[in-house]
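Working notes, beginning with the structure itself.
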Amino acid sequence: MFVWWNSLSLASQIFVLIALPSTGILLIQTILMLIGIGSDSDVDVDGDIDIDADVEIESDGVFGSGEVEGDIDPTGLDALRVFTVRGIIAFLVVFGWTGFMLDKAGMALWTVIPIAAIAGFVMMYILALLMRAVMKLRNDGNIDNKNALGTSGRVYLTIPSSRSGEGKVNVLLQGSYVERDAVTDEENSIPTGAEIVVVGLSGQTTLVVKRK
């Protein structure tokens, strides 16, 4: 082990010192999440969110957790959290191992560092997209569309008349703005931006609306 370590350049040693601890922390986070001790959400400055049926926002660091009250749309850009604890750790893992491999391959350090950093940021962004997708699936599974009856919203995509097709609407449902497919029984189509009221359900997820 010491022979291998001493054979490394100073840059490679630094990259390994970054990669090994962050990899260990990431593995611990993953194990805790799988066995149910950890949460799927992380928080740094802005924090990730986890919305349950009571519209609570749960946030946690590496191991701790806490709850705050609030409303947020888990499907929009405001739910895309890049600089989270898990995201930063993923960045360090990818940055460290990428830098180590490129340095071992003989690349110049001035090219190794930016390439490793770009790879780390790409991983952070991919992780943020995955976390947003998980939150959207969880949120959709917890929300009962029957609670949308009587609520108001706006048309996102034009709704064809007389149920000849589906459009999309944004409505406030259980404290969160969500996007849903919608049809109407009105003789005229309802254009984008028009205010609507939910008057019924068609199937499990499609809303029946009328112009407000």
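Each chain in the structure tokens gets a letter, A, B and so on, in the order shown; residues start at 1 in every chain, and ligands are counted from 1 in the order they appear.
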
Running DSSP on the backbone, which parts of range 121-212 of chain A land in strand (DSSP E), as an mmCIF file with N, CA and C atoms, in the first residue's frame?
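Now in out05.cif:
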data_model
loop_
_atom_site.group_PDB
_atom_site.id
_atom_site.type_symbol
_atom_site.label_atom_id
_atom_site.label_comp_id
_atom_site.auth_asym_id
_atom_site.auth_seq_id
_atom_site.Cartn_x
_atom_site.Cartn_y
_atom_site.Cartn_z
ATOM 1 N N SER A 152 -59.521 26.309 -8.694
ATOM 2 C CA SER A 152 -59.283 27.092 -9.908
ATOM 3 C C SER A 152 -57.867 26.862 -10.407
ATOM 4 N N GLY A 153 -57.663 27.210 -11.668
ATOM 5 C CA GLY A 153 -56.344 27.082 -12.251
ATOM 6 C C GLY A 153 -56.275 27.799 -13.581
ATOM 7 N N ARG A 154 -55.192 27.580 -14.300
ATOM 8 C CA ARG A 154 -55.017 28.181 -15.620
ATOM 9 C C ARG A 154 -54.645 27.116 -16.641
ATOM 10 N N VAL A 155 -55.066 27.374 -17.862
ATOM 11 C CA VAL A 155 -54.774 26.446 -18.953
ATOM 12 C C VAL A 155 -53.325 26.617 -19.385
ATOM 13 N N TYR A 156 -52.627 25.493 -19.471
ATOM 14 C CA TYR A 156 -51.235 25.499 -19.914
ATOM 15 C C TYR A 156 -51.151 25.166 -21.406
ATOM 16 N N LEU A 157 -51.902 24.165 -21.839
ATOM 17 C CA LEU A 157 -52.039 23.836 -23.258
ATOM 18 C C LEU A 157 -53.522 23.833 -23.596
ATOM 19 N N GLY A 167 -56.036 18.795 -23.127
ATOM 20 C CA GLY A 167 -55.080 19.869 -22.940
ATOM 21 C C GLY A 167 -54.400 19.685 -21.599
ATOM 22 N N LYS A 168 -53.778 20.722 -21.108
ATOM 23 C CA LYS A 168 -53.129 20.652 -19.803
ATOM 24 C C LYS A 168 -53.443 21.903 -19.007
ATOM 25 N N VAL A 169 -53.576 21.719 -17.701
ATOM 26 C CA VAL A 169 -53.843 22.842 -16.808
ATOM 27 C C VAL A 169 -52.897 22.793 -15.625
ATOM 28 N N ASN A 170 -52.688 23.953 -15.022
ATOM 29 C CA ASN A 170 -51.955 24.051 -13.768
ATOM 30 C C ASN A 170 -52.942 24.432 -12.682
ATOM 31 N N VAL A 171 -53.045 23.606 -11.640
ATOM 32 C CA VAL A 171 -53.974 23.864 -10.544
ATOM 33 C C VAL A 171 -53.257 23.711 -9.216
ATOM 34 N N LEU A 172 -53.799 24.378 -8.193
ATOM 35 C CA LEU A 172 -53.265 24.240 -6.839
ATOM 36 C C LEU A 172 -53.956 23.056 -6.184
ATOM 37 N N LEU A 173 -53.189 22.000 -5.954
ATOM 38 C CA LEU A 173 -53.753 20.762 -5.430
ATOM 39 C C LEU A 173 -52.998 20.343 -4.182
ATOM 40 N N SER A 176 -49.815 22.346 -3.500
ATOM 41 C CA SER A 176 -48.752 22.393 -4.500
ATOM 42 C C SER A 176 -49.351 22.659 -5.877
ATOM 43 N N TYR A 177 -48.662 23.460 -6.676
ATOM 44 C CA TYR A 177 -49.086 23.662 -8.053
ATOM 45 C C TYR A 177 -48.645 22.460 -8.880
ATOM 46 N N VAL A 178 -49.606 21.824 -9.532
ATOM 47 C CA VAL A 178 -49.321 20.629 -10.322
ATOM 48 C C VAL A 178 -49.892 20.798 -11.725
ATOM 49 N N GLU A 179 -49.337 20.047 -12.634
ATOM 50 C CA GLU A 179 -49.818 20.037 -14.017
ATOM 51 C C GLU A 179 -50.619 18.762 -14.246
ATOM 52 N N ARG A 180 -51.798 18.898 -14.822
ATOM 53 C CA ARG A 180 -52.663 17.755 -15.073
ATOM 54 C C ARG A 180 -53.271 17.836 -16.474
ATOM 55 N N ASP A 181 -53.536 16.656 -17.062
ATOM 56 C CA ASP A 181 -54.299 16.599 -18.308
ATOM 57 C C ASP A 181 -55.722 17.037 -18.027
ATOM 58 N N ALA A 182 -56.361 17.667 -19.004
ATOM 59 C CA ALA A 182 -57.711 18.175 -18.775
ATOM 60 C C ALA A 182 -58.538 18.105 -20.048
ATOM 61 N N VAL A 183 -59.844 17.891 -19.868
ATOM 62 C CA VAL A 183 -60.816 17.927 -20.968
ATOM 63 C C VAL A 183 -61.941 18.857 -20.545
ATOM 64 N N THR A 184 -62.774 19.235 -21.519
ATOM 65 C CA THR A 184 -63.911 20.094 -21.208
ATOM 66 C C THR A 184 -65.132 19.663 -22.010
ATOM 67 N N GLU A 195 -58.523 31.158 -17.307
ATOM 68 C CA GLU A 195 -58.809 30.627 -15.983
ATOM 69 C C GLU A 195 -59.896 29.568 -16.075
ATOM 70 N N ILE A 196 -59.741 28.519 -15.297
ATOM 71 C CA ILE A 196 -60.696 27.416 -15.329
ATOM 72 C C ILE A 196 -61.069 26.998 -13.913
ATOM 73 N N VAL A 197 -62.134 26.216 -13.820
ATOM 74 C CA VAL A 197 -62.551 25.596 -12.566
ATOM 75 C C VAL A 197 -62.696 24.106 -12.814
ATOM 76 N N VAL A 198 -62.207 23.291 -11.903
ATOM 77 C CA VAL A 198 -62.321 21.835 -12.035
ATOM 78 C C VAL A 198 -63.717 21.417 -11.584
ATOM 79 N N VAL A 199 -64.433 20.721 -12.476
ATOM 80 C CA VAL A 199 -65.811 20.317 -12.170
ATOM 81 C C VAL A 199 -65.966 18.799 -12.086
ATOM 82 N N GLY A 200 -64.949 18.045 -12.442
ATOM 83 C CA GLY A 200 -65.075 16.593 -12.377
ATOM 84 C C GLY A 200 -63.788 15.896 -12.757
ATOM 85 N N LEU A 201 -63.837 14.569 -12.756
ATOM 86 C CA LEU A 201 -62.702 13.739 -13.133
ATOM 87 C C LEU A 201 -63.092 12.839 -14.286
ATOM 88 N N SER A 202 -62.146 12.607 -15.171
ATOM 89 C CA SER A 202 -62.321 11.654 -16.257
ATOM 90 C C SER A 202 -61.229 10.604 -16.100
ATOM 91 N N THR A 206 -57.201 12.563 -15.286
ATOM 92 C CA THR A 206 -57.623 13.663 -16.161
ATOM 93 C C THR A 206 -58.740 14.466 -15.510
ATOM 94 N N LEU A 207 -58.579 15.797 -15.509
ATOM 95 C CA LEU A 207 -59.564 16.680 -14.911
ATOM 96 C C LEU A 207 -60.573 17.139 -15.950
ATOM 97 N N VAL A 208 -61.815 17.298 -15.519
ATOM 98 C CA VAL A 208 -62.860 17.909 -16.347
ATOM 99 C C VAL A 208 -63.009 19.336 -15.871
ATOM 100 N N VAL A 209 -62.855 20.301 -16.775
ATOM 101 C CA VAL A 209 -62.847 21.708 -16.363
ATOM 102 C C VAL A 209 -63.832 22.501 -17.216
ATOM 103 N N LYS A 210 -64.121 23.698 -16.725
ATOM 104 C CA LYS A 210 -64.905 24.662 -17.502
ATOM 105 C C LYS A 210 -64.251 26.030 -17.324
ATOM 106 N N ARG A 211 -64.546 26.912 -18.265
ATOM 107 C CA ARG A 211 -63.976 28.261 -18.189
ATOM 108 C C ARG A 211 -64.557 28.989 -16.982
#

>> Residues within 6 Å of range 158-166 of chain A, please, as JSON, numbers by chain. Count only C-alpha atoms; anything in the same chain fewer than 6 positions from it doesn't count.
In response: {"A": [182, 183, 184, 185, 186, 187, 188, 189, 190, 191, 192]}

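The coordinates place CA of Ala116 in chain A at 16.3 Å from CA of Leu10 in chain A.
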
>> For Phe121 in chain A, find every residue with an atom within 12 Å (counting only C-alpha atoms), except residues of its own chain fewer than 6 positions away, and show them as a list in words.
In response: Val82, Phe83, Gly87, Ile88, Ile89, Ala90, Phe91, Leu92, Val93, Val94, Phe95, Pro114, Ile115, Leu127 and Ala128 of chain A
